[in-house]
Every structure is written in structure tokens, then in C-alpha cells.
>>> print(open('entry29.pdb').read())   # PDB, C-alpha atoms
ATOM      1  CA  MET P   1    -215.128-136.865-193.285  1.00  0.00           C
ATOM      2  CA  SER P   2    -215.986-138.810-190.163  1.00  0.00           C
ATOM      3  CA  ASN P   3    -216.151-137.034-186.831  1.00  0.00           C
ATOM      4  CA  PRO P   4    -215.426-139.295-183.840  1.00  0.00           C
ATOM      5  CA  SER P   5    -216.940-136.849-181.359  1.00  0.00           C
ATOM      6  CA  LEU P   6    -220.282-137.103-183.190  1.00  0.00           C
ATOM      7  CA  GLU P   7    -220.095-140.881-183.489  1.00  0.00           C
ATOM      8  CA  LYS P   8    -219.968-141.345-179.722  1.00  0.00           C
ATOM      9  CA  PHE P   9    -223.437-139.796-179.432  1.00  0.00           C
ATOM     10  CA  GLY P  10    -224.858-142.198-181.992  1.00  0.00           C
ATOM     11  CA  ASP P  11    -227.289-139.552-183.200  1.00  0.00           C
ATOM     12  CA  SER P  12    -227.520-138.943-186.933  1.00  0.00           C
ATOM     13  CA  ASP P  13    -229.273-135.639-186.156  1.00  0.00           C
ATOM     14  CA  PHE P  14    -225.888-134.243-185.095  1.00  0.00           C
ATOM     15  CA  ARG P  15    -224.483-135.186-188.507  1.00  0.00           C
ATOM     16  CA  ALA P  16    -227.263-133.267-190.233  1.00  0.00           C
ATOM     17  CA  LYS P  17    -226.734-130.248-187.989  1.00  0.00           C
ATOM     18  CA  GLU P  18    -222.975-130.407-188.592  1.00  0.00           C
ATOM     19  CA  ALA P  19    -223.549-130.449-192.357  1.00  0.00           C
ATOM     20  CA  GLN P  20    -225.965-127.527-192.085  1.00  0.00           C
ATOM     21  CA  LEU P  21    -223.446-125.517-190.052  1.00  0.00           C
ATOM     22  CA  ILE P  22    -220.639-126.295-192.514  1.00  0.00           C
ATOM     23  CA  ILE P  23    -222.760-125.161-195.462  1.00  0.00           C
ATOM     24  CA  SER P  24    -223.834-122.010-193.646  1.00  0.00           C
ATOM     25  CA  LEU P  25    -220.290-121.068-192.637  1.00  0.00           C
ATOM     26  CA  LYS P  26    -218.954-121.780-196.130  1.00  0.00           C
ATOM     27  CA  PHE P  27    -221.717-119.811-197.875  1.00  0.00           C
ATOM     28  CA  HIS P  28    -221.916-116.832-195.537  1.00  0.00           C
ATOM     29  CA  HIS P  29    -218.373-116.549-194.142  1.00  0.00           C
ATOM     30  CA  ALA P  30    -215.991-118.066-196.713  1.00  0.00           C
ATOM     31  CA  SER P  31    -214.103-114.832-197.384  1.00  0.00           C
ATOM     32  CA  THR P  32    -213.601-114.100-193.674  1.00  0.00           C
ATOM     33  CA  LEU P  33    -212.540-117.675-192.944  1.00  0.00           C
ATOM     34  CA  ALA P  34    -210.048-117.515-195.817  1.00  0.00           C
ATOM     35  CA  GLU P  35    -208.402-114.458-194.252  1.00  0.00           C
ATOM     36  CA  ILE P  36    -207.920-115.674-190.665  1.00  0.00           C
ATOM     37  CA  PRO P  37    -205.868-118.470-189.077  1.00  0.00           C
ATOM     38  CA  LEU P  38    -207.657-121.694-188.147  1.00  0.00           C
ATOM     39  CA  GLU P  39    -207.037-121.044-184.455  1.00  0.00           C
ATOM     40  CA  VAL P  40    -208.868-117.711-184.660  1.00  0.00           C
ATOM     41  CA  ALA P  41    -211.820-119.275-186.492  1.00  0.00           C
ATOM     42  CA  VAL P  42    -212.077-122.136-183.999  1.00  0.00           C
ATOM     43  CA  SER P  43    -211.838-119.719-181.072  1.00  0.00           C
ATOM     44  CA  ALA P  44    -214.616-117.556-182.512  1.00  0.00           C
ATOM     45  CA  ILE P  45    -216.867-120.554-183.103  1.00  0.00           C
ATOM     46  CA  ALA P  46    -216.186-121.813-179.563  1.00  0.00           C
ATOM     47  CA  LYS P  47    -217.172-118.410-178.154  1.00  0.00           C
ATOM     48  CA  VAL P  48    -220.416-118.426-180.139  1.00  0.00           C
ATOM     49  CA  TRP P  49    -221.137-122.014-179.045  1.00  0.00           C
ATOM     50  CA  GLU P  50    -220.590-121.066-175.389  1.00  0.00           C
ATOM     51  CA  SER P  51    -222.867-118.043-175.681  1.00  0.00           C
ATOM     52  CA  CYS P  52    -225.581-120.311-177.114  1.00  0.00           C
ATOM     53  CA  GLN P  53    -225.192-122.692-174.158  1.00  0.00           C
ATOM     54  CA  ASN P  54    -225.641-119.769-171.755  1.00  0.00           C
ATOM     55  CA  PRO P  55    -228.436-117.652-173.227  1.00  0.00           C
ATOM     56  CA  GLY P  56    -227.703-114.749-170.845  1.00  0.00           C
ATOM     57  CA  SER P  57    -224.193-114.331-172.297  1.00  0.00           C
ATOM     58  CA  PRO P  58    -223.399-111.795-175.052  1.00  0.00           C
TER      59      PRO P  58
END
>>> encode(input="entry29.pdb", output="C-alpha cells")
Amino acid sequence: MSNPSLEKFGDSDFRAKEAQLIISLKFHHASTLAEIPLEVAVSAIAKVWESCQNPGSP
């Protein structure tokens, strides 16, 4: 699956990190992800991403 937002950066390191994140989420959180709507999962991931961008955030 190609991701246009990654392609614009032209950095294959993002592809490797994306694959690593996908594997981690699938392995560690598959049952939770199967139980919640996509919108909830995406919202949760966005919140985690934002907290990683701002280290002082919870």
C-alpha cells in the first residue's frame, strides 16, 4: 500500500518507521483495534502523535 504523504518527503526511513508502527500496533493492539471504530483509533493515534511532538504534554 502506497502512502502519498510519505512519498512527498522522499525518505525511505519513513516507510520503515511506518512498517514498524503497523507491525507494533497489529501485534500489541489487534484486539482493541478490532473492537473500536476507525475514527476512534485514528483519533487516539493522533493524540499520541501530538503528545510525542510536545514532550511536556501528557
>>> atom_distance(input="entry29.pdb", atom1="atom CA of P:Pro55", atom2="atom CA of P:Lys17")
19.5 Å
>>> atom_distance(input="entry29.pdb", atom1="atom CA of P:Val42", atom2="atom CA of P:Phe14")
18.4 Å
>>> atom_distance(input="entry29.pdb", atom1="atom CA of P:Ile23", atom2="atom CA of P:Gln53")
21.6 Å
